[in-house]
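Asks: Quick one, coords07.cif (mmCIF, C-alpha atoms):
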```
data_model
loop_
_atom_site.label_atom_id
_atom_site.label_comp_id
_atom_site.auth_asym_id
_atom_site.auth_seq_id
_atom_site.Cartn_x
_atom_site.Cartn_y
_atom_site.Cartn_z
CA MET A 5 22.05 -35.11 3.21
CA GLY A 6 20.08 -34.61 0.05
CA GLN A 7 20.75 -32.07 -2.61
CA PRO A 8 19.48 -28.53 -1.92
CA LEU A 9 16.25 -27.63 -3.66
CA ASN A 10 16.42 -24.57 -5.86
CA PHE A 11 13.26 -22.68 -6.67
CA SER A 12 12.07 -19.22 -7.61
CA VAL A 13 9.02 -17.22 -6.67
CA LEU A 14 7.64 -16.07 -10.00
CA GLY A 15 4.49 -14.38 -8.77
CA VAL A 16 2.65 -13.48 -5.61
CA GLY A 17 -1.07 -13.76 -4.99
CA ALA A 18 -3.31 -12.95 -2.06
CA ALA A 19 -6.98 -13.41 -1.34
CA PHE A 20 -8.89 -11.69 1.44
CA VAL A 21 -12.33 -12.02 2.94
CA ASP A 22 -12.32 -8.42 4.18
CA LEU A 23 -11.41 -6.10 1.31
CA GLU A 24 -10.95 -3.12 3.64
CA LYS A 25 -8.21 -5.03 5.47
CA ALA A 26 -6.71 -6.00 2.13
CA GLU A 27 -6.47 -2.37 1.07
CA ALA A 28 -5.03 -1.40 4.46
CA CYS A 29 -2.29 -4.00 3.82
CA GLY A 30 -1.60 -2.57 0.35
CA PHE A 31 -3.52 -5.19 -1.65
CA SER A 32 -6.24 -4.43 -4.14
CA ASP A 33 -8.32 -6.58 -6.43
CA CYS A 34 -7.95 -9.63 -4.21
CA ASP A 35 -11.34 -10.81 -3.07
CA MET A 36 -11.78 -14.53 -2.55
CA ASN A 37 -14.34 -15.01 -5.32
CA SER A 38 -12.62 -15.93 -8.51
CA ASP A 39 -13.82 -16.50 -12.06
CA LEU A 40 -11.55 -19.54 -12.02
CA LEU A 41 -14.09 -21.41 -9.93
CA PRO A 42 -17.36 -22.37 -11.55
CA ALA A 43 -20.33 -21.79 -9.21
CA ARG A 44 -20.92 -25.55 -8.98
CA LEU A 45 -17.41 -26.14 -7.58
CA ARG A 46 -17.39 -22.98 -5.46
CA ARG A 47 -20.53 -24.13 -3.61
CA ARG A 48 -18.90 -27.45 -2.71
CA MET A 49 -15.58 -26.17 -1.40
CA SER A 50 -14.64 -24.76 1.96
CA PHE A 51 -13.87 -21.17 2.72
CA ALA A 52 -10.16 -22.03 3.16
CA THR A 53 -9.99 -23.78 -0.21
CA ARG A 54 -11.67 -20.86 -1.99
CA LEU A 55 -9.09 -18.50 -0.47
CA ALA A 56 -6.19 -20.77 -1.48
CA LEU A 57 -7.35 -21.17 -5.07
CA SER A 58 -8.06 -17.46 -5.50
CA ALA A 59 -4.56 -16.62 -4.19
CA GLY A 60 -3.03 -19.28 -6.47
CA GLU A 61 -4.81 -17.86 -9.48
CA ARG A 62 -3.54 -14.37 -8.70
CA ALA A 63 0.02 -15.64 -8.22
CA CYS A 64 -0.08 -17.26 -11.68
CA LEU A 65 -1.48 -14.08 -13.21
CA ASP A 66 1.23 -12.03 -11.46
CA ALA A 67 3.88 -14.38 -12.84
CA GLY A 68 2.38 -14.32 -16.32
CA VAL A 69 2.08 -18.11 -16.48
CA ALA A 70 -0.83 -20.31 -17.47
CA LEU A 71 -2.72 -21.88 -14.57
CA ASP A 72 -2.16 -25.36 -15.96
CA SER A 73 1.55 -24.96 -16.69
CA LEU A 74 3.27 -25.50 -13.32
CA PRO A 75 3.48 -28.00 -10.49
CA SER A 76 1.91 -26.66 -7.30
CA VAL A 77 2.47 -26.75 -3.54
CA PHE A 78 -0.31 -25.87 -1.10
CA ALA A 79 0.79 -25.22 2.48
CA SER A 80 -1.51 -25.05 5.47
CA ILE A 81 -0.83 -24.98 9.18
CA ALA A 82 -3.72 -27.30 10.02
CA GLY A 83 -5.47 -28.26 6.79
CA GLU A 84 -9.25 -28.17 6.65
CA VAL A 85 -9.66 -27.74 10.41
CA LYS A 86 -13.12 -26.13 10.28
CA ILE A 87 -14.56 -28.96 8.18
CA THR A 88 -12.85 -31.56 10.38
CA ASP A 89 -14.36 -29.89 13.46
CA ILE A 90 -17.84 -30.00 11.93
CA LEU A 91 -17.44 -33.70 11.12
CA CYS A 92 -16.11 -34.58 14.59
CA ARG A 93 -19.00 -32.75 16.25
CA ALA A 94 -21.51 -34.58 14.04
CA ILE A 95 -19.98 -37.93 14.98
CA ALA A 96 -19.84 -37.05 18.69
CA GLU A 97 -23.50 -35.99 18.59
CA GLN A 98 -24.33 -39.13 16.59
CA ASN A 99 -25.69 -36.93 13.82
CA LEU A 100 -25.10 -39.60 11.19
CA PRO A 101 -24.50 -40.10 8.41
CA VAL A 102 -22.06 -37.22 7.99
CA SER A 103 -22.19 -35.09 4.87
CA PRO A 104 -20.36 -36.79 1.99
CA THR A 105 -19.35 -33.36 0.65
CA GLN A 106 -17.89 -32.31 4.00
CA PHE A 107 -16.09 -35.65 4.33
CA HIS A 108 -14.70 -35.18 0.81
CA ASN A 109 -13.48 -31.70 1.78
CA SER A 110 -11.88 -32.72 5.09
CA VAL A 111 -8.55 -33.98 3.75
CA HIS A 112 -5.31 -32.00 3.86
CA ASN A 113 -4.94 -31.94 0.06
CA THR A 114 -8.43 -30.56 -0.68
CA ALA A 115 -7.07 -27.33 -2.20
CA ALA A 116 -4.55 -29.23 -4.35
CA GLY A 117 -7.29 -31.49 -5.68
CA TYR A 118 -9.68 -28.68 -6.51
CA TRP A 119 -6.81 -26.72 -8.12
CA SER A 120 -6.10 -29.58 -10.53
CA ILE A 121 -9.82 -29.88 -11.35
CA ALA A 122 -10.49 -26.15 -11.81
CA THR A 123 -7.34 -25.43 -13.83
CA LYS A 124 -7.11 -28.79 -15.64
CA ASN A 125 -3.53 -28.86 -14.33
CA LYS A 126 -1.96 -32.31 -14.76
CA HIS A 127 1.39 -31.44 -13.17
CA GLU A 128 2.52 -32.69 -9.79
CA SER A 129 0.81 -31.19 -6.78
CA GLN A 130 1.72 -31.35 -3.11
CA ALA A 131 -0.03 -30.43 0.13
CA ILE A 132 2.22 -29.82 3.12
CA GLY A 133 1.76 -28.81 6.70
CA ALA A 134 4.14 -28.34 9.62
CA GLY A 135 2.06 -26.53 12.20
CA GLU A 136 3.46 -23.11 13.02
CA ASN A 137 6.58 -23.92 10.99
CA THR A 138 4.66 -24.34 7.72
CA LEU A 139 5.87 -21.14 6.14
#
```
Show me, as C-alpha cells, the structure contained in the file I just sent.

Replies:
Amino acid sequence: MGQPLNFSVLGVGAAFVDLEKAEACGFSDCDMNSDLLPARLRRRMSFATRLALSAGERACLDAGVALDSLPSVFASIAGEVKITDILCRAIAEQNLPVSPTQFHNSVHNTAAGYWSIATKNKHESQAIGAGENTL
C-alpha cells in the first residue's frame, strides 16, 4: 500500500448554465462565462470545458490564490462525451474530414490543457475519470 495522500480544499467554485437554478441552489455570481477566457479561446472550447474552467476560476478566487499558483485536477465522469459523439456520428456518416477543432477538444484532458493555456499555469495538471465513482 502506498502512503495516504493528504490534501485540503482551499476554495469552492461552481458554474451554472441556468442562473435561476444556481440561485435556487444558493449560488450567485456563477455563470459559465468568465473573463478568464479570451473570446478566441472560448469559441473553440466545448460547453463542458467552459463550465469546468469557470468553476476552477471561482474556486481559486474563493481560496484567495492566484490562478497560476497551484497544480490542478480536473475530474469528469465521461470526459468530452458530447464532442466524441459528434465525431463518431460524422465518421459513421462518412462526413469527412472531421473538424480539427472538435478532434482537438475530444480528449479527456481538454479542460486541463485549456486551464494551463488560459491561466499560464505551469504546475502539474491531471485529468481523471472513474465513471459514476469519479467524485

Asks: Let me make sure I understand: among A:Leu91, A:Val77, A:Ala59, A:Val102, which one has the smallest atom-to-atom distance to Gly133 (chain A) if we use only C-alpha atoms?

Replies: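 Using only C-alpha atoms, Gly133 (chain A) sits closest to A:Val77.
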
Asks: Determine, counting all atoms listed in the file, which protein, DNA and RNA residues have an atom within 12 Å of an atom of region 7-13 of chain A; residues of the same chain fewer than 5 positions away are not included. Present the result as a compact mmCIF listing (two decimals) with C-alpha atoms, in the frame of the given file.

Replies:
```
# COMPACT_ATOMS: atom_id res chain seq x y z
CA ALA A 63 0.02 -15.64 -8.22
CA CYS A 64 -0.08 -17.26 -11.68
CA ASP A 66 1.23 -12.03 -11.46
CA ALA A 67 3.88 -14.38 -12.84
CA PRO A 75 3.48 -28.00 -10.49
CA SER A 76 1.91 -26.66 -7.30
CA VAL A 77 2.47 -26.75 -3.54
```

Asks: Using all atoms listed in the file, which residues sit within 12 Å of Met36 (chain A) once same-chain residues fewer than 6 positions away are excluded, as a list in words?

Replies: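 Selected residues are Gly17, Ala18, Ala19, Phe20, Val21, Asp22, Leu23, Ala26, Arg46, Ser50, Phe51, Ala52, Thr53, Arg54, Leu55, Ala56, Leu57, Ser58, Ala59, Gly60, Glu61 and Arg62 of chain A.
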
Asks: Report the distance between CA of Thr105 (chain A) and CA of Arg48 (chain A) in Å, rounded to one decimal place.

Replies: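 Separating CA of Thr105 (chain A) from CA of Arg48 (chain A) is a distance of 6.8 Å.
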
Asks: Extract, using all atoms listed in the file, all DNA, RNA and protein residues at most 12 Å from Ile87 (chain A), discarding same-chain residues fewer than 2 positions from it, and format them as a PyMOL selection string.

Replies: chain A and resi 48-53+82-85+89-94+102-112+114

Asks: List the residues matched by the PyMOL selection byres ((chain A and resi 73) around 9) in the displayed structure as a list in words, ordered by chain and then by residue number.

Replies: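 Given this file, the PyMOL selection byres ((chain A and resi 73) around 9) evaluates to Val69, Ala70, Leu71, Asp72, Leu74, Pro75, Asn125, Lys126 and His127 of chain A.
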
Asks: I'd like to see the residues matched by the PyMOL selection byres ((chain A and resi 136) around 10) on this file, and ideally I'd get them as JSON, numbers by chain.

Replies: {"A": [80, 81, 82, 133, 134, 135, 137, 138, 139]}

Asks: Once 6 Å is added on each side, what are the centre and the three edge lengths, in Å to one decimal, of the axis-aligned box enclosing the listed atoms of region 37-42 of chain A? Present them as lines of an AutoDock Vina configuration file.

Replies:
```
center_x = -14.5
center_y = -18.7
center_z = -8.7
size_x = 17.8
size_y = 19.4
size_z = 18.7
```

Asks: Could you work out how far CA of Ala28 (chain A) lies from CA of Ala116 (chain A), giving the answer in Å with one decimal?

Replies: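 Calculated distance between CA of Ala116 (chain A) and CA of Ala28 (chain A) is 29.2 Å.
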